[in-house]
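Have a look at data07.csv below; it lists CSV, C-alpha atoms.
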```csv
chain,number,residue,atom,x,y,z
A,757,MET,CA,100.7,104.2,99.3
A,758,PRO,CA,101.5,100.6,98.4
A,759,THR,CA,101.9,100.1,94.6
A,760,ARG,CA,102.0,96.3,94.4
A,761,ALA,CA,100.1,93.2,95.4
A,762,LEU,CA,101.4,89.8,96.3
A,763,THR,CA,99.7,86.5,96.8
A,764,ALA,CA,100.2,84.7,100.1
A,765,GLN,CA,102.2,82.1,98.2
A,766,ALA,CA,104.4,84.8,96.7
A,767,VAL,CA,105.0,86.2,100.2
A,768,ALA,CA,106.0,82.8,101.5
A,769,ASP,CA,108.4,82.4,98.6
A,770,LEU,CA,109.8,85.9,99.2
A,771,VAL,CA,110.6,85.3,102.9
A,772,GLY,CA,111.4,81.6,102.6
A,773,GLY,CA,108.5,80.6,104.8
A,774,ARG,CA,106.1,77.6,104.9
A,775,LEU,CA,102.6,78.4,103.9
A,776,PHE,CA,99.6,77.0,105.7
A,777,GLY,CA,96.1,77.7,104.3
A,778,PRO,CA,95.0,79.3,101.0
A,779,GLY,CA,97.8,80.7,99.0
A,780,ASP,CA,95.8,82.8,96.5
A,781,ILE,CA,94.9,85.6,99.0
A,782,SER,CA,96.0,89.0,97.7
A,783,ILE,CA,98.2,91.0,100.0
A,784,ARG,CA,98.4,94.7,99.4
A,785,ARG,CA,99.8,96.1,102.6
A,786,VAL,CA,101.2,95.3,106.0
A,787,ARG,CA,99.3,96.2,109.2
A,788,SER,CA,99.3,95.4,112.9
A,789,LEU,CA,97.1,92.5,114.1
A,790,GLU,CA,94.6,94.9,115.6
A,791,ARG,CA,94.2,97.1,112.5
A,792,ALA,CA,94.7,94.6,109.7
A,793,ASP,CA,92.0,94.2,106.9
A,794,PRO,CA,91.6,91.0,104.8
A,795,ASP,CA,94.0,92.4,102.2
A,796,ALA,CA,96.8,92.9,104.8
A,797,LEU,CA,99.6,90.9,106.1
A,798,SER,CA,100.3,91.0,109.8
A,799,VAL,CA,102.8,89.5,112.2
A,800,CYS,CA,102.6,87.6,115.5
A,801,ALA,CA,106.1,87.4,117.0
A,802,GLY,CA,105.3,85.3,120.1
A,803,ARG,CA,102.7,83.8,122.4
A,804,LYS,CA,101.9,87.1,124.2
A,805,TYR,CA,100.2,88.2,120.9
A,806,VAL,CA,98.1,85.1,120.4
A,807,ALA,CA,94.9,86.8,121.7
A,808,ALA,CA,95.3,89.6,119.3
A,809,MET,CA,95.9,87.2,116.4
A,810,GLU,CA,92.8,85.2,117.3
A,811,ARG,CA,90.7,88.4,116.9
A,812,SER,CA,92.6,89.7,113.8
A,813,ARG,CA,91.0,90.2,110.4
A,814,ALA,CA,94.3,89.9,108.6
A,815,GLY,CA,94.3,88.0,105.4
A,816,ALA,CA,97.6,86.3,106.4
A,817,VAL,CA,100.0,86.4,109.3
A,818,LEU,CA,103.7,85.7,109.7
A,819,ILE,CA,104.3,83.5,112.7
A,820,PRO,CA,107.1,81.4,114.4
A,821,ASP,CA,106.8,77.6,114.2
A,822,GLU,CA,105.3,77.1,117.6
A,823,LEU,CA,102.2,79.1,116.6
A,824,ALA,CA,101.5,77.2,113.3
A,825,ASP,CA,98.5,75.5,114.7
A,826,GLY,CA,97.1,78.4,116.9
A,827,PRO,CA,93.9,80.3,116.5
A,828,GLY,CA,93.5,83.2,114.1
A,829,PRO,CA,93.6,83.8,110.3
A,830,ALA,CA,93.5,80.6,108.2
A,831,THR,CA,96.4,81.7,106.0
A,832,ARG,CA,99.7,81.8,108.0
A,833,ILE,CA,103.3,81.7,107.0
A,834,VAL,CA,105.9,80.1,109.3
A,835,VAL,CA,109.3,81.8,109.4
A,836,ALA,CA,112.3,81.8,111.7
A,837,ASP,CA,112.1,85.6,112.3
A,838,PRO,CA,108.7,87.1,111.8
A,839,ALA,CA,109.8,90.7,112.5
A,840,ARG,CA,112.5,90.5,109.8
A,841,ALA,CA,110.2,88.8,107.4
A,842,ILE,CA,107.5,91.5,107.6
A,843,ALA,CA,110.1,94.2,107.0
A,844,THR,CA,111.1,92.3,103.8
A,845,VAL,CA,107.5,92.2,102.6
A,846,ALA,CA,106.9,95.8,103.4
A,847,ARG,CA,109.8,96.8,101.2
A,848,ALA,CA,108.5,94.6,98.4
A,849,LEU,CA,105.0,96.1,98.6
A,850,ASP,CA,106.1,99.7,98.8
A,851,PRO,CA,109.5,100.0,97.3
A,852,ALA,CA,111.4,103.3,97.8
A,853,THR,CA,111.4,105.6,94.8
A,854,ALA,CA,114.8,107.1,94.0
A,855,ALA,CA,114.9,110.7,92.9
A,856,ALA,CA,115.5,111.3,89.2
A,857,ALA,CA,119.2,111.7,88.4
A,858,GLY,CA,120.4,115.2,87.7
A,859,ILE,CA,121.1,118.6,89.2
A,860,ALA,CA,118.2,121.1,89.9
A,861,PRO,CA,118.6,124.5,88.3
A,862,THR,CA,118.7,126.2,91.7
A,863,ALA,CA,121.4,124.0,93.2
A,864,ARG,CA,124.9,125.3,93.4
A,865,ILE,CA,128.0,123.1,92.8
A,866,GLY,CA,131.5,124.2,93.6
A,867,GLU,CA,134.7,123.9,91.6
A,868,ARG,CA,136.4,120.5,91.2
A,869,THR,CA,133.4,118.7,92.6
A,870,ARG,CA,132.8,115.3,91.1
A,871,ILE,CA,129.3,113.8,91.0
A,872,GLY,CA,128.8,110.1,90.2
A,873,GLU,CA,126.5,108.5,87.7
A,874,GLY,CA,122.8,108.4,88.6
A,875,SER,CA,123.1,110.9,91.5
A,876,SER,CA,120.6,113.7,92.1
A,877,VAL,CA,120.9,117.1,93.7
A,878,ALA,CA,117.6,118.7,94.6
A,879,ALA,CA,116.5,122.4,94.6
A,880,TYR,CA,118.6,124.9,96.5
A,881,ALA,CA,121.2,122.4,97.7
A,882,VAL,CA,124.7,123.9,98.0
A,883,VAL,CA,127.8,121.7,97.4
A,884,GLY,CA,131.2,123.2,98.0
A,885,ALA,CA,134.5,122.9,96.2
A,886,GLY,CA,136.4,119.6,95.9
A,887,VAL,CA,133.6,117.4,97.0
A,888,THR,CA,133.4,113.8,95.9
A,889,ILE,CA,130.0,112.3,95.5
A,890,GLY,CA,129.5,108.7,94.5
A,891,ALA,CA,127.0,107.0,92.2
A,892,ARG,CA,123.3,107.0,92.8
A,893,VAL,CA,123.6,109.5,95.7
A,894,GLN,CA,120.4,111.4,96.6
A,895,ILE,CA,120.9,115.0,97.9
A,896,GLY,CA,117.8,116.6,99.2
A,897,SER,CA,116.6,120.2,99.0
A,898,HIS,CA,118.5,122.8,101.0
A,899,VAL,CA,121.3,120.4,101.9
A,900,VAL,CA,124.7,122.1,102.5
A,901,ILE,CA,127.9,120.1,101.8
A,902,GLU,CA,131.1,122.0,102.6
A,903,ASP,CA,134.4,121.8,100.8
A,904,GLY,CA,136.3,118.5,100.6
A,905,ALA,CA,133.5,116.2,101.8
A,906,THR,CA,133.4,112.6,100.5
A,907,ILE,CA,130.1,110.8,100.0
A,908,GLY,CA,129.9,107.1,99.1
A,909,ASP,CA,127.6,105.3,96.6
A,910,ASP,CA,123.9,105.0,97.3
A,911,THR,CA,124.0,107.4,100.2
A,912,ARG,CA,120.9,109.6,100.9
A,913,LEU,CA,120.9,113.0,102.5
A,914,ASP,CA,117.4,114.3,103.2
A,915,ALA,CA,116.4,118.0,103.3
A,916,HIS,CA,118.4,120.5,105.3
A,917,VAL,CA,121.3,118.1,106.2
A,918,VAL,CA,124.6,119.9,106.8
A,919,LEU,CA,128.0,118.2,106.2
A,920,TYR,CA,130.9,120.3,107.3
A,921,HIS,CA,134.2,120.4,105.6
A,922,GLY,CA,136.1,117.2,105.1
A,923,VAL,CA,133.4,114.9,106.4
A,924,THR,CA,133.5,111.3,105.0
A,925,LEU,CA,130.4,109.2,104.5
A,926,GLY,CA,130.6,105.6,103.4
A,927,ALA,CA,128.2,103.8,101.0
A,928,ARG,CA,124.5,103.5,101.8
A,929,VAL,CA,124.5,106.0,104.6
A,930,TRP,CA,121.2,107.7,105.3
A,931,CYS,CA,121.1,111.0,107.0
A,932,LYS,CA,117.5,112.1,107.7
A,933,ALA,CA,116.2,115.7,107.7
A,934,SER,CA,118.3,118.4,109.6
A,935,VAL,CA,121.1,116.1,110.6
A,936,VAL,CA,124.4,118.0,111.2
A,937,ILE,CA,127.7,116.0,110.7
A,938,GLY,CA,131.2,117.3,111.4
A,939,GLY,CA,130.4,120.5,113.3
A,940,THR,CA,132.9,121.9,115.8
A,941,GLY,CA,132.7,120.2,119.1
A,942,PHE,CA,132.0,121.8,122.5
A,943,GLY,CA,135.6,122.2,123.7
A,944,TYR,CA,137.1,125.1,125.6
A,945,THR,CA,139.9,126.0,128.0
A,946,SER,CA,138.9,128.2,130.9
A,947,ASP,CA,140.7,130.6,133.1
A,948,ALA,CA,140.0,133.9,134.9
A,949,SER,CA,139.6,135.7,131.6
A,950,GLY,CA,136.8,133.4,130.4
A,951,HIS,CA,136.4,130.5,128.0
A,952,THR,CA,138.6,130.0,125.0
A,953,ARG,CA,137.5,127.7,122.2
A,954,ILE,CA,139.8,124.8,121.3
A,955,PRO,CA,140.2,124.4,117.5
A,956,HIS,CA,138.7,121.2,116.2
A,957,VAL,CA,140.9,120.0,113.4
A,958,GLY,CA,140.0,116.3,113.4
A,959,GLY,CA,137.6,114.7,110.9
A,960,CYS,CA,134.2,112.9,111.1
A,961,ILE,CA,133.8,109.5,109.5
A,962,LEU,CA,130.7,107.5,109.1
A,963,GLU,CA,131.3,104.0,107.7
A,964,ASP,CA,129.0,102.1,105.3
A,965,ASP,CA,125.3,101.5,106.2
A,966,VAL,CA,125.1,104.0,109.0
A,967,GLU,CA,121.8,105.7,109.6
A,968,VAL,CA,121.3,109.0,111.4
A,969,GLY,CA,117.9,110.3,112.6
A,970,SER,CA,116.5,113.7,112.3
A,971,HIS,CA,118.1,116.6,114.3
A,972,SER,CA,121.0,114.5,115.4
A,973,CYS,CA,124.5,116.0,115.6
A,974,ILE,CA,127.8,114.3,115.3
A,975,ASP,CA,130.7,116.6,116.0
A,976,ARG,CA,134.1,116.4,114.4
A,977,GLY,CA,137.2,115.5,116.4
A,978,SER,CA,139.4,118.0,118.2
A,979,LEU,CA,142.7,116.3,117.2
A,980,ASP,CA,141.6,112.7,116.2
A,981,ASP,CA,138.6,111.8,114.2
A,982,THR,CA,135.1,111.1,115.4
A,983,HIS,CA,134.3,107.7,114.0
A,984,ILE,CA,131.0,105.8,113.6
A,985,GLY,CA,131.3,102.1,112.7
A,986,ARG,CA,129.6,100.2,109.9
A,987,GLY,CA,125.9,99.3,110.3
A,988,THR,CA,125.3,101.5,113.4
A,989,LYS,CA,121.8,103.1,113.6
A,990,ILE,CA,121.3,106.4,115.3
A,991,ASP,CA,117.8,107.6,116.2
A,992,ASN,CA,116.5,111.2,116.3
A,993,GLN,CA,117.9,114.0,118.5
A,994,VAL,CA,121.1,112.2,119.4
A,995,HIS,CA,124.3,114.1,120.2
A,996,ILE,CA,127.7,112.5,119.7
A,997,ALA,CA,130.5,114.7,120.8
A,998,HIS,CA,134.1,115.2,119.5
A,999,ASN,CA,136.5,112.2,119.3
A,1000,VAL,CA,133.9,109.6,120.1
A,1001,HIS,CA,134.5,106.2,118.6
A,1002,VAL,CA,131.3,104.1,118.0
A,1003,GLY,CA,131.8,100.5,117.0
A,1004,ARG,CA,129.9,98.4,114.4
A,1005,ASP,CA,126.2,97.6,114.5
A,1006,CYS,CA,125.4,99.7,117.5
A,1007,LEU,CA,121.8,101.0,118.3
A,1008,ILE,CA,121.7,104.5,119.7
A,1009,MET,CA,118.1,105.6,120.5
A,1010,ALA,CA,116.4,108.9,120.8
A,1011,CYS,CA,117.8,111.7,122.9
A,1012,VAL,CA,121.0,110.0,123.9
A,1013,GLY,CA,124.1,112.1,124.6
A,1014,ILE,CA,127.6,110.7,124.4
A,1015,ALA,CA,130.4,113.0,125.8
A,1016,GLY,CA,133.8,113.6,124.2
A,1017,SER,CA,136.4,110.9,123.7
A,1018,THR,CA,134.1,108.0,124.8
A,1019,THR,CA,134.5,104.7,123.0
A,1020,LEU,CA,131.7,102.2,122.3
A,1021,GLY,CA,132.5,98.7,121.2
A,1022,ASP,CA,130.5,96.7,118.7
A,1023,ARG,CA,126.8,96.0,119.1
A,1024,VAL,CA,126.3,98.4,122.0
A,1025,ILE,CA,122.7,99.4,122.7
A,1026,LEU,CA,122.0,102.8,124.3
A,1027,ALA,CA,118.3,103.1,125.2
A,1028,GLY,CA,116.4,106.4,125.0
A,1029,GLN,CA,117.6,109.4,127.0
A,1030,SER,CA,120.6,107.6,128.4
A,1031,GLY,CA,124.0,109.3,128.5
A,1032,CYS,CA,127.7,108.6,128.8
A,1033,ILE,CA,130.3,110.9,130.4
A,1034,ASP,CA,133.6,111.6,128.6
A,1035,HIS,CA,136.7,109.4,128.4
A,1036,ILE,CA,135.1,106.1,129.2
A,1037,THR,CA,134.8,102.8,127.3
A,1038,LEU,CA,131.8,100.6,126.8
A,1039,GLY,CA,132.8,97.1,125.7
A,1040,ASP,CA,131.2,95.0,123.0
A,1041,ASP,CA,127.5,94.0,123.5
A,1042,VAL,CA,127.0,96.4,126.4
A,1043,LYS,CA,123.3,97.4,127.0
A,1044,VAL,CA,122.3,100.6,128.7
A,1045,GLY,CA,118.8,101.1,130.0
A,1046,ALA,CA,116.6,104.1,129.3
A,1047,LYS,CA,117.4,107.4,131.2
A,1048,SER,CA,120.6,105.8,132.6
A,1049,ALA,CA,123.7,107.8,133.3
A,1050,VAL,CA,126.9,105.9,132.6
A,1051,MET,CA,129.6,107.4,134.8
A,1052,SER,CA,132.4,104.9,134.4
A,1053,SER,CA,133.6,102.2,131.9
A,1054,VAL,CA,131.5,99.1,131.5
A,1055,PRO,CA,132.9,95.7,130.7
A,1056,ALA,CA,131.8,93.8,127.6
A,1057,GLY,CA,128.5,92.0,127.7
A,1058,THR,CA,127.2,93.9,130.7
A,1059,THR,CA,123.7,95.3,131.0
A,1060,VAL,CA,123.5,98.5,133.2
A,1061,SER,CA,120.7,100.9,134.2
A,1062,GLY,CA,120.0,103.7,136.7
A,1063,TYR,CA,121.5,107.0,137.8
A,1064,PRO,CA,124.4,106.5,138.1
A,1065,ALA,CA,124.3,103.3,136.0
A,1066,ARG,CA,125.2,100.0,137.6
A,1067,PRO,CA,124.6,96.4,136.8
A,1068,HIS,CA,120.9,96.0,136.0
A,1069,ARG,CA,120.0,93.5,138.6
A,1070,GLU,CA,121.8,95.5,141.3
A,1071,PHE,CA,119.8,98.6,140.2
A,1072,LEU,CA,116.5,96.7,140.5
A,1073,ARG,CA,117.4,95.3,143.9
A,1074,GLY,CA,118.2,98.9,145.1
A,1075,VAL,CA,114.9,100.2,143.8
A,1076,SER,CA,113.0,97.4,145.4
A,1077,THR,CA,114.7,97.9,148.7
A,1078,MET,CA,113.9,101.6,148.7
A,1079,TYR,CA,110.2,101.0,148.1
A,1080,ARG,CA,110.1,98.4,150.9
A,1081,LEU,CA,111.6,100.9,153.3
A,1082,GLY,CA,108.6,103.3,152.7
A,1083,PRO,CA,106.3,101.8,155.4
A,1084,TYR,CA,109.2,102.0,157.9
A,1085,GLY,CA,109.3,105.7,157.3
A,1086,ASP,CA,105.7,106.0,158.3
A,1087,LEU,CA,106.4,103.9,161.4
A,1088,LEU,CA,109.3,106.2,162.4
A,1089,GLU,CA,107.1,109.3,162.0
A,1090,GLN,CA,104.4,107.6,164.2
A,1091,LEU,CA,107.0,106.8,166.9
A,1092,ALA,CA,108.3,110.4,166.8
A,1093,ARG,CA,104.8,111.8,167.3
A,1094,GLU,CA,104.2,109.4,170.3
A,1095,ARG,CA,107.5,110.5,171.8
A,1096,ASP,CA,106.6,114.2,171.4
A,1097,ASP,CA,103.1,113.6,173.0
A,1098,ALA,CA,104.6,111.7,176.0
```

Rewrite the coordinates I just gave you, this time as structure tokens.
Amino acid sequence: MPTRALTAQAVADLVGGRLFGPGDISIRRVRSLERADPDALSVCAGRKYVAAMERSRAGAVLIPDELADGPGPATRIVVADPARAIATVARALDPATAAAAGIAPTARIGERTRIGEGSSVAAYAVVGAGVTIGARVQIGSHVVIEDGATIGDDTRLDAHVVLYHGVTLGARVWCKASVVIGGTGFGYTSDASGHTRIPHVGGCILEDDVEVGSHSCIDRGSLDDTHIGRGTKIDNQVHIAHNVHVGRDCLIMACVGIAGSTTLGDRVILAGQSGCIDHITLGDDVKVGAKSAVMSSVPAGTTVSGYPARPHREFLRGVSTMYRLGPYGDLLEQLARERDDA
């Protein structure tokens, strides 16, 4: 629950906005326009939300400049980016509470492991030998960290996270519950006698400010490292295979699968349930639509969708054409029946 209250004027000062209306209103929480009460701050990001803002009971609302004179709550704060601003206010009203520093009695710490100042290791966590843990790291209950792993400052590992041997995490990485980092990839050679596993001796590196959602798995490399670039955010239930290289500030959404040795440039967006085959490259700023299957490399700046994925407008034209052909199918069936009756 929120632990603080801010006046509307204080909110405006916090986000660098221009206040219109009473500034002494007390703000205790953030809520959607539809569910907001008079002690809540809400956000109207554009004109399509004006009707909801007009009906809203919010005490104050964050809006872009073009809605400063629109209908709705009397107290409004004009900002350049309302969505970013409300995230700032939410953090201020309900700041995250760090775990108390120290090692729980039931935790197990291996030999030659170094733990930085202000870090915490919760109950039943197991940390192997020769691990390096930075300052202010939070290690949740039942986390397993194998030998030789390195964890940067201010990183957070929630309950049941597993880091395999030699994994490297940068600073401010957040792995949510049940994430698995650095496991052996799905690599085999096959012949008449069956399938023989290929040893995976590469590493797995997550740079600073990476986030990984619950039940996601990032495999270690077979020969080279699997590498996730700074600032990339990965949603729940994502699989990133061995030798994949992901650039900086990418967004990889729920249930995405990326096959081995694929390379993503910077700022790539993979929407939910999309997938990439192995050994392809997606250039900088590529966007992949939901449920799409990327079967070949994609040039920088391209938006693709469909199965197999193709330029988005081409995919939409194809779908539109297919639906327009539907009535002609009915006509052909009618002509066939008339021919058979003749």

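The protein and nucleic acid residues lying at most 8 Å from Phe776 in chain A are Gly779, Ala824, Ala830, Thr831, Arg832, Ile833 and Val834 of chain A, with only C-alpha atoms considered and sequence neighbours fewer than 3 positions away removed.
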
> range 963-979 of chain A: which residues within 9 Å, counting all atoms listed in the file, same-chain residues fewer than 2 positions away excluded, as a PyMOL selection string?
Replying inline: chain A and resi 908+911+917+920+923-943+954-961+981-1000+1004-1005+1010-1011+1016-1017

> Which of these, A:Pro778, A:Lys1047, A:Val918, A:Ala885, has the shortest distance to His898 in chain A once you count all atoms listed in the file?
Replying inline: A:Val918

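Counting only C-alpha atoms, range 806-822 of chain A has the following residues at most 6 Å away, ignoring those fewer than 2 positions along the same chain: Leu789, Glu790, Ala792, Asp793, Pro794, Asp795, Ala796, Leu797, Ser798, Val799, Cys800, Arg803, Lys804, Ala824, Pro827, Gly828, Thr831, Arg832, Ile833, Val834, Val835, Ala836 and Pro838 of chain A.
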
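For the pair CA of Ala879 in chain A and CA of Ala860 in chain A, the separation is 5.2 Å.
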
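Each of A:Ile895, A:Phe1071, A:Val1054, A:Gly1082 was compared to Leu913 in chain A using all atoms listed in the file, and A:Ile895 turns out to be the nearest.
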
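Across the structure, CA of Ile1033 in chain A and CA of Thr1019 in chain A are spaced 10.5 Å apart.
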
>> as a VMD selection string, please: the residues near Ser897 in chain A (cut-off 7 Å, all atoms listed in the file, same-chain neighbours under 5 positions excluded).
In response: chain A and resid 878 to 881 915 to 916

> Interatomic distance between CA of Asp837 in chain A and CA of Leu770 in chain A?
Replying inline: 13.3 Å

Which residues are close to range 1024-1032 of chain A, i.e. within 6 Å by all atoms listed in the file, leaving aside same-chain residues fewer than 6 positions away? Reply as a CSV table (one decimal) with C-alpha atoms, in the coordinates of the input.
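Output saved as part.csv:
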```
chain,number,residue,atom,x,y,z
A,1006,CYS,CA,125.4,99.7,117.5
A,1007,LEU,CA,121.8,101.0,118.3
A,1008,ILE,CA,121.7,104.5,119.7
A,1009,MET,CA,118.1,105.6,120.5
A,1010,ALA,CA,116.4,108.9,120.8
A,1011,CYS,CA,117.8,111.7,122.9
A,1012,VAL,CA,121.0,110.0,123.9
A,1013,GLY,CA,124.1,112.1,124.6
A,1014,ILE,CA,127.6,110.7,124.4
A,1015,ALA,CA,130.4,113.0,125.8
A,1041,ASP,CA,127.5,94.0,123.5
A,1042,VAL,CA,127.0,96.4,126.4
A,1043,LYS,CA,123.3,97.4,127.0
A,1044,VAL,CA,122.3,100.6,128.7
A,1045,GLY,CA,118.8,101.1,130.0
A,1046,ALA,CA,116.6,104.1,129.3
A,1047,LYS,CA,117.4,107.4,131.2
A,1048,SER,CA,120.6,105.8,132.6
A,1049,ALA,CA,123.7,107.8,133.3
A,1050,VAL,CA,126.9,105.9,132.6
```

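In terms of minimum interatomic distance to Ala857 in chain A, A:Ala891 ranks closest within A:Ala843, A:Ala891, A:Val882, A:Leu762, counting all atoms listed in the file.
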
> Which is closest to Arg892 in chain A among A:Ser1076, A:Ser875, A:Thr1037, A:Thr952, if we use only C-alpha atoms?
Replying inline: A:Ser875

>> (103.1, 84.1, 93.9) in this file's frame - what residues fall within 12 Å of it? Use all atoms listed in the file and give the answer as JSON, numbers by chain.
In response: {"A": [761, 762, 763, 764, 765, 766, 767, 768, 769, 770, 771, 775, 778, 779, 780, 781, 782, 783]}

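Using only C-alpha atoms, the nearest neighbour of Leu823 in chain A within the list A:Ser788, A:Ile842, A:Gly802, A:Thr869 is A:Gly802.
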